[in-house]
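Raw contents of start-v1.cif, mmCIF, C-alpha atoms and all ligand atoms:
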```cif
data_my_file
loop_
_atom_site.label_atom_id
_atom_site.label_comp_id
_atom_site.auth_asym_id
_atom_site.auth_seq_id
_atom_site.Cartn_x
_atom_site.Cartn_y
_atom_site.Cartn_z
CA MET A 208 19.19 116.38 167.23
CA SER A 209 17.31 115.44 164.04
CA ASP A 210 14.77 112.58 163.58
CA THR A 211 14.38 111.46 167.18
CA VAL A 212 11.75 109.53 169.11
CA ASP A 213 11.56 110.28 172.82
CA ASP A 214 11.76 107.78 175.71
CA VAL A 215 8.03 107.14 175.99
CA GLY A 216 7.81 106.43 172.30
CA GLU A 217 5.95 109.60 171.49
CA GLU A 218 7.16 110.99 168.19
CA GLU A 219 8.90 114.37 168.34
CA ALA A 220 8.53 116.84 165.52
CA GLU A 221 10.87 115.53 162.84
CA VAL A 222 13.42 118.03 161.58
CA VAL A 223 13.64 117.99 157.82
CA LEU A 224 16.89 119.79 157.09
CA ALA A 225 15.84 120.74 153.58
CA ASP A 226 12.80 122.63 154.96
CA LEU A 227 14.91 124.92 157.15
CA SER A 228 15.90 128.44 156.14
CA ASP A 229 19.65 129.11 155.86
CA ASP A 230 19.79 130.67 159.34
CA GLU A 231 17.82 127.81 160.90
CA LEU A 232 20.00 125.29 159.12
CA ILE A 233 23.18 126.83 160.52
CA VAL A 234 21.77 126.67 164.07
CA GLN A 235 20.70 123.06 163.46
CA MET A 236 24.18 122.21 162.17
CA HIS A 237 25.76 123.62 165.34
CA GLU A 238 23.41 121.42 167.39
CA ASP A 239 24.01 118.37 165.20
CA MET A 240 27.78 118.84 165.41
CA TYR A 241 27.47 119.12 169.19
CA ASP A 242 25.58 115.80 169.11
CA GLY A 243 28.15 114.25 166.74
CA LEU A 244 25.68 113.56 163.94
CA ALA A 245 27.95 113.07 160.95
CA GLU A 246 25.26 112.13 158.41
CA GLU A 247 23.20 115.20 159.25
CA ILE A 248 26.27 117.44 158.96
CA ALA A 249 27.08 115.94 155.56
CA GLU A 250 23.49 116.43 154.35
CA ALA A 251 23.32 120.02 155.59
CA THR A 252 26.71 120.83 154.05
CA ARG A 253 25.44 119.61 150.68
CA LEU A 254 22.22 121.61 151.12
CA LEU A 255 24.10 124.86 151.76
CA LEU A 256 26.34 124.27 148.73
CA ASP A 257 23.25 123.54 146.62
CA ARG A 258 21.79 126.82 147.83
CA GLY A 259 24.81 128.63 146.44
CA TRP A 260 26.89 129.12 149.59
CA PRO A 261 30.63 129.32 148.88
CA ALA A 262 32.53 126.42 150.47
CA GLY A 263 34.61 128.81 152.60
CA ARG A 264 31.47 130.31 154.14
CA VAL A 265 30.02 126.87 154.95
CA LEU A 266 33.34 125.97 156.56
CA GLU A 267 33.53 129.07 158.74
CA GLU A 268 29.88 129.70 159.69
CA ALA A 269 28.70 126.11 160.01
CA LEU A 270 31.67 123.86 160.79
CA VAL A 271 34.33 126.00 162.49
CA ALA A 272 31.73 127.93 164.52
CA GLY A 273 30.10 124.65 165.62
CA MET A 274 33.47 123.28 166.72
CA THR A 275 34.20 126.46 168.68
CA THR A 276 31.18 125.80 170.92
CA VAL A 277 32.28 122.19 171.35
CA GLY A 278 35.75 123.45 172.37
CA ILE A 279 34.33 125.80 174.99
CA ASP A 280 32.18 123.08 176.58
CA PHE A 281 35.12 120.62 176.44
CA ARG A 282 37.26 123.18 178.29
CA ASP A 283 34.53 123.74 180.86
CA GLY A 284 34.09 120.03 181.56
CA ILE A 285 30.59 119.84 180.04
CA LEU A 286 31.72 117.59 177.18
CA PHE A 287 34.25 114.76 177.41
CA VAL A 288 36.67 113.11 174.98
CA PRO A 289 34.20 110.58 173.43
CA GLU A 290 31.67 113.35 172.68
CA VAL A 291 34.38 115.61 171.26
CA LEU A 292 35.61 112.76 169.06
CA LEU A 293 32.08 112.33 167.68
CA ALA A 294 31.85 116.08 167.07
CA ALA A 295 35.26 116.04 165.33
CA ASN A 296 34.08 113.11 163.22
CA SER A 297 30.99 115.02 162.14
CA MET A 298 33.15 118.04 161.28
CA LYS A 299 35.28 115.76 159.12
CA ALA A 300 32.13 114.52 157.33
CA GLY A 301 31.44 118.11 156.28
CA MET A 302 35.06 118.80 155.42
CA THR A 303 35.21 115.74 153.17
CA ILE A 304 32.51 117.31 151.02
CA LEU A 305 34.11 120.77 151.04
CA ARG A 306 37.64 119.51 150.37
CA PRO A 307 37.50 119.06 146.57
CA ILE A 308 35.78 122.42 146.20
CA LEU A 309 38.31 124.21 148.37
CA ILE A 310 41.27 122.72 146.55
CA GLU A 311 39.80 123.16 143.07
CA THR A 312 42.41 125.11 141.15
CA GLY A 313 43.89 125.21 137.72
CA THR A 314 47.17 126.81 138.73
CA GLN A 315 50.67 125.34 138.71
CA PRO A 316 52.12 124.42 142.13
CA THR A 317 52.98 127.64 143.96
CA GLY A 318 55.43 125.71 146.11
CA LYS A 319 55.76 122.54 148.11
CA MET A 320 54.98 122.01 151.80
CA VAL A 321 55.45 119.18 154.24
CA ILE A 322 53.10 119.46 157.23
CA GLY A 323 52.44 117.44 160.36
CA THR A 324 51.09 117.62 163.89
CA VAL A 325 54.06 117.25 166.21
CA LYS A 326 54.98 114.28 168.39
CA GLY A 327 52.60 113.65 171.31
CA ASP A 328 49.72 115.50 169.68
CA ILE A 329 46.85 113.89 167.80
CA HIS A 330 44.78 116.98 166.94
CA ASP A 331 44.52 117.07 163.16
CA ILE A 332 41.45 119.06 162.16
CA GLY A 333 43.21 122.43 161.97
CA LYS A 334 46.30 120.96 160.34
CA ASN A 335 44.15 119.23 157.71
CA LEU A 336 42.32 122.47 157.09
CA VAL A 337 45.61 124.26 156.51
CA SER A 338 46.71 121.45 154.21
CA MET A 339 43.48 121.74 152.24
CA MET A 340 43.65 125.51 151.93
CA MET A 341 47.30 125.35 150.86
CA GLU A 342 46.36 122.87 148.13
CA GLY A 343 43.57 125.23 147.16
CA ALA A 344 46.14 127.98 146.76
CA GLY A 345 48.16 125.80 144.41
CA PHE A 346 50.73 124.31 146.80
CA GLU A 347 51.72 120.65 146.67
CA VAL A 348 51.26 119.33 150.19
CA GLU A 349 52.71 116.24 151.84
CA ASN A 350 50.58 115.66 154.93
CA LEU A 351 52.49 113.54 157.47
CA GLY A 352 49.54 113.11 159.81
CA VAL A 353 49.70 113.33 163.60
CA ASN A 354 52.26 112.47 166.30
CA THR A 355 55.07 113.31 163.86
CA THR A 356 58.63 112.86 165.10
CA PHE A 357 61.65 114.89 164.05
CA GLU A 358 62.94 111.83 162.17
CA GLU A 359 59.70 111.68 160.16
CA PHE A 360 59.87 115.39 159.34
CA LEU A 361 63.52 115.01 158.30
CA ALA A 362 62.82 111.96 156.12
CA ALA A 363 59.99 113.86 154.38
CA VAL A 364 62.23 116.89 153.85
CA GLU A 365 64.92 114.67 152.30
CA GLU A 366 62.40 112.87 150.10
CA HIS A 367 60.25 115.79 148.94
CA GLU A 368 62.60 118.77 149.20
CA PRO A 369 59.80 121.18 150.12
CA ASP A 370 59.97 124.98 150.26
CA ILE A 371 58.09 124.92 153.55
CA ILE A 372 57.83 122.78 156.63
CA GLY A 373 54.59 123.35 158.56
CA MET A 374 54.02 122.18 162.12
CA SER A 375 50.84 122.11 164.16
CA ALA A 376 50.43 121.77 167.95
CA LEU A 377 47.24 122.20 169.96
CA LEU A 378 48.62 121.41 173.38
CA THR A 379 50.87 123.53 175.55
CA THR A 380 52.72 120.30 176.34
CA THR A 381 53.52 119.55 172.68
CA MET A 382 54.43 123.08 171.52
CA PRO A 383 58.03 122.71 172.77
CA TYR A 384 58.57 119.78 170.39
CA MET A 385 58.51 122.30 167.54
CA LYS A 386 61.84 123.59 168.82
CA VAL A 387 63.20 120.05 168.81
CA VAL A 388 62.36 119.86 165.11
CA VAL A 389 63.83 123.28 164.29
CA ASP A 390 67.02 122.52 166.23
CA GLY A 391 67.28 119.14 164.50
CA LEU A 392 66.97 120.78 161.09
CA VAL A 393 69.73 123.23 162.03
CA LYS A 394 71.95 120.32 163.16
CA GLU A 395 71.33 118.48 159.90
CA GLY A 396 72.17 121.60 157.86
CA ARG A 397 68.62 121.74 156.47
CA ARG A 398 67.16 124.77 158.25
CA ASP A 399 68.45 127.55 155.97
CA LYS A 400 66.82 126.21 152.82
CA LEU A 401 63.41 125.84 154.46
CA ILE A 402 60.64 128.21 155.47
CA VAL A 403 59.36 127.04 158.85
CA LEU A 404 55.72 127.92 159.62
CA VAL A 405 53.95 126.96 162.82
CA GLY A 406 50.35 127.12 163.98
CA GLY A 407 47.88 125.91 166.57
CA ALA A 408 45.60 127.56 169.10
CA PRO A 409 48.06 127.89 172.03
CA LEU A 410 50.89 129.44 169.94
CA ASN A 411 51.66 133.06 169.20
CA GLU A 412 54.13 135.06 167.16
CA GLU A 413 56.54 135.50 170.06
CA PHE A 414 56.72 131.74 170.62
CA ALA A 415 57.28 131.10 166.89
CA LEU A 416 60.20 133.52 166.75
CA SER A 417 61.65 132.20 170.02
CA ILE A 418 61.97 128.67 168.61
CA GLY A 419 63.51 129.85 165.35
CA ALA A 420 60.47 129.50 163.07
CA ASP A 421 59.92 132.02 160.28
CA ALA A 422 56.31 132.79 161.16
CA TYR A 423 53.27 131.96 163.26
CA CYS A 424 50.02 131.45 161.33
CA ARG A 425 46.90 132.03 163.40
CA ASP A 426 44.61 130.34 160.88
CA ALA A 427 44.58 128.57 157.52
CA ALA A 428 44.08 131.77 155.53
CA THR A 429 47.10 133.35 157.23
CA ALA A 430 49.11 130.20 156.48
CA VAL A 431 48.33 130.51 152.77
CA GLU A 432 49.06 134.24 152.75
CA THR A 433 52.34 133.88 154.67
CA ALA A 434 53.51 130.86 152.66
CA THR A 435 52.79 132.58 149.34
CA LYS A 436 54.62 135.73 150.40
CA LEU A 437 57.69 133.99 151.85
CA VAL A 438 58.08 131.58 148.92
CA ALA A 439 57.89 134.50 146.47
CA GLU A 440 60.52 136.40 148.51
CA ARG A 441 62.85 133.38 148.58
CA ARG A 442 62.48 132.84 144.84
CA ALA A 443 63.18 136.51 144.14
CA GLN A 444 66.42 136.24 146.14
CA ALA A 445 67.55 133.01 144.43
CO1 LIG B 501 41.76 118.35 172.50
N1 LIG B 501 42.34 119.90 173.54
N2 LIG B 501 42.62 117.18 173.79
N3 LIG B 501 40.89 116.92 171.51
N4 LIG B 501 40.71 119.64 171.64
C1 LIG B 501 42.07 121.22 172.97
C2 LIG B 501 43.21 121.68 172.08
C3 LIG B 501 41.88 122.14 174.25
C4 LIG B 501 42.22 123.63 174.04
C5 LIG B 501 40.46 121.94 174.83
C6 LIG B 501 40.20 122.79 176.03
O1 LIG B 501 40.63 122.47 177.11
N5 LIG B 501 39.49 123.88 175.80
C7 LIG B 501 42.87 121.41 175.25
C8 LIG B 501 44.32 121.91 175.24
C9 LIG B 501 44.68 122.69 176.48
C10 LIG B 501 46.09 123.15 176.40
O2 LIG B 501 47.02 122.42 176.16
N6 LIG B 501 46.25 124.44 176.62
C11 LIG B 501 42.76 119.97 174.77
C12 LIG B 501 43.10 118.84 175.55
C13 LIG B 501 43.51 119.12 176.98
C14 LIG B 501 43.08 117.53 175.04
C15 LIG B 501 43.47 116.22 175.77
C16 LIG B 501 44.74 116.30 176.64
C17 LIG B 501 42.22 115.81 176.58
C18 LIG B 501 42.41 114.57 177.43
O3 LIG B 501 42.66 113.51 176.93
N7 LIG B 501 42.30 114.79 178.71
C19 LIG B 501 43.65 115.23 174.60
C20 LIG B 501 45.09 115.22 174.05
C21 LIG B 501 45.31 114.15 173.00
C22 LIG B 501 46.66 114.33 172.32
O4 LIG B 501 46.77 115.08 171.38
N8 LIG B 501 47.67 113.65 172.82
C23 LIG B 501 42.73 115.83 173.60
C24 LIG B 501 42.02 115.08 172.67
C25 LIG B 501 41.14 115.61 171.74
C26 LIG B 501 40.27 114.75 170.83
C27 LIG B 501 40.98 113.49 170.33
C28 LIG B 501 39.05 114.34 171.61
C29 LIG B 501 39.87 115.78 169.71
C30 LIG B 501 40.82 115.80 168.50
C31 LIG B 501 40.24 115.13 167.27
C32 LIG B 501 41.07 115.42 166.05
O5 LIG B 501 41.72 116.44 165.89
N9 LIG B 501 41.02 114.48 165.16
C33 LIG B 501 40.06 117.11 170.44
C34 LIG B 501 39.50 118.33 170.00
C35 LIG B 501 38.55 118.26 168.81
C36 LIG B 501 39.80 119.58 170.62
C37 LIG B 501 39.15 120.96 170.39
C38 LIG B 501 37.75 120.90 171.02
C39 LIG B 501 39.01 121.43 168.98
C40 LIG B 501 40.31 121.48 168.17
C41 LIG B 501 39.95 121.77 166.73
O6 LIG B 501 39.90 120.85 165.94
N10 LIG B 501 39.64 123.05 166.45
C42 LIG B 501 40.17 121.92 171.17
C43 LIG B 501 39.52 123.16 171.73
C44 LIG B 501 39.60 124.30 170.76
O7 LIG B 501 40.63 124.53 170.13
N11 LIG B 501 38.53 125.03 170.61
C45 LIG B 501 40.90 120.98 172.03
C46 LIG B 501 39.18 123.47 165.12
C47 LIG B 501 40.39 123.77 164.22
C48 LIG B 501 39.85 124.25 162.88
O8 LIG B 501 41.14 124.83 164.82
O9 LIG B 501 43.03 123.29 165.47
O10 LIG B 501 43.05 125.71 166.21
P1 LIG B 501 42.69 124.70 165.19
O11 LIG B 501 43.44 125.07 163.84
C49 LIG B 501 43.43 126.38 163.27
C50 LIG B 501 44.59 127.28 163.74
O12 LIG B 501 45.07 126.98 165.05
C51 LIG B 501 45.62 127.17 162.66
O13 LIG B 501 44.82 127.04 161.50
C52 LIG B 501 43.71 126.17 161.79
C53 LIG B 501 42.57 126.50 160.87
O14 LIG B 501 42.20 127.84 160.92
N12 LIG B 501 46.59 126.06 162.65
C54 LIG B 501 47.71 126.12 161.87
C55 LIG B 501 46.56 124.87 163.27
N13 LIG B 501 47.63 124.15 162.92
C56 LIG B 501 48.35 124.88 162.06
C57 LIG B 501 49.55 124.59 161.39
C58 LIG B 501 50.07 125.55 160.54
C59 LIG B 501 49.43 126.79 160.37
C60 LIG B 501 48.23 127.10 161.03
O15 LIG B 501 51.22 125.22 159.92
C61 LIG B 501 51.72 126.06 158.98
#
```
Any chance you could put this one into structure tokens?
Amino acid sequence: MSDTVDDVGEEEAEVVLADLSDDELIVQMHEDMYDGLAEEIAEATRLLLDRGWPAGRVLEEALVAGMTTVGIDFRDGILFVPEVLLAANSMKAGMTILRPILIETGTQPTGKMVIGTVKGDIHDIGKNLVSMMMEGAGFEVENLGVNTTFEEFLAAVEEHEPDIIGMSALLTTTMPYMKVVVDGLVKEGRRDKLIVLVGGAPLNEEFALSIGADAYCRDAATAVETATKLVAERRAQA
């Protein structure tokens, strides 16, 4: 933790983020994310960018790596929901700074995507990252948020007529809802015109194919790569 005073009032050595080397700063960011210190994460993110780090590297080495440790300790019962929420909030503080840099692009829309975290699931960090990276690759993205029902996906498909529908699920209990959405799209006669991409930590390729999706994307970079490839293939066939 940065800038703390201990219980007996004795001043601890103050951590000045700007004085740390890059390696020290990354370690400090992992600790600050663990402690849910959003302001410190924002400051350190800016420092790394000022030092010439590409936004993607800051994202992976500082933010995603920090959240991985949080995830492990959450799984092992060392951290609990309130602490994880604070950590997620601090990750968002860093992502807010990286967002405009990651989506900076002069290209025409490569395609359109509607994306949401499925019903029953409120995890949105990964889905927002995918959304951001897709925008960065020139896609127009309609982000439906979390806890998204089939009806909301359908309404967005009717309104925006996207090339792609993207679904995210982080819980084994919410993954099956992706099939509800795919089946609903089939029933409404909408499935054939759409590319359905799914992602989230508990999924895999086999699951994606079993529910009738076109592909499983293990991370945001794969989502961009897969979306670009499948949209180009569809357009070539049209
Ligand atoms: Co939750 N949670 N959580 N949680 N949480 C997990 C997912 C869990 C694995 C933790 C654990 O036990 N180790 C576990 C799930 C177990 C399981 O089902 N197998 C779990 C649990 C159990 C729960 C609760 C049930 C806990 C409780 O209340 N008892 C509860 C459920 C709430 C609900 O959704 N109904 C819950 C709550 C929460 C918080 C609210 C505290 C918070 C979410 C805050 C938020 O998102 N705003 C939270 C968090 C932060 C996590 C962990 C720690 C981190 C998730 C994350 O953001 N990862 C997570 C453990 C973990 O995954 N390490 C955990 C970083 C993110 C960048 O990665 O989301 O995987 P990820 O996204 C990647 C890829 O998966 C992929 O690309 C992204 C970027 O590379 N991807 C897509 C994701 N979506 C995609 C969509 C696409 C394509 C690719 O579409 C095309």
Exercise. Return as a ChimeraX atom specification every polymer residue, whether protein, DNA or RNA, with at least one atom no more than 7 Å from an atom of ligand LIG 501 (chain B); count only C-alpha atoms and all ligand atoms.
Key: /A:271,274-275,277-279,281-282,288-289,291-292,295,322,327-334,336-337,373-380,404-409,424-428,430
Quiz item: From the list A:Phe360, A:Tyr423, A:Glu440, A:Tyr241, which residue is nearest A:Phe287 when using only C-alpha atoms?
Solution: A:Tyr241
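Between atom CA of A:Glu290 and atom CA of A:Leu244 lies a distance of 10.6 Å.
Here atom CA of A:Ala251 stands at a distance of 15.8 Å from atom CA of A:Ile308.
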Quiz prompt | A:Val348 environment, 9 Å, all atoms listed in the file, sequence neighbours closer than 6 positions dropped, as a ChimeraX atom specification | solution = /A:318-322,338-339,341-342,369
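As for atom CA of A:Glu368 and atom CA of A:Lys400, they are spaced 9.3 Å apart.
Minimum distance to A:Ile248 across A:Ala443, A:Ala262, A:Val393, A:Ile304 (counting all atoms listed in the file) occurs at A:Ile304.
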Quiz prompt | Polymer residues at most 12 Å from A:Ala300, only C-alpha atoms, same-chain spacing of 3 or more positions, as an MDAnalysis selection string | solution = chainID A and resid 239:240 243:253 266 270 293:297 303:306 332
Quiz item: With all atoms listed in the file as the basis for distance, which of A:Met340, A:Ala363, A:Val389, A:Val234 is at the shortest distance from A:Ala434?
Solution: A:Met340
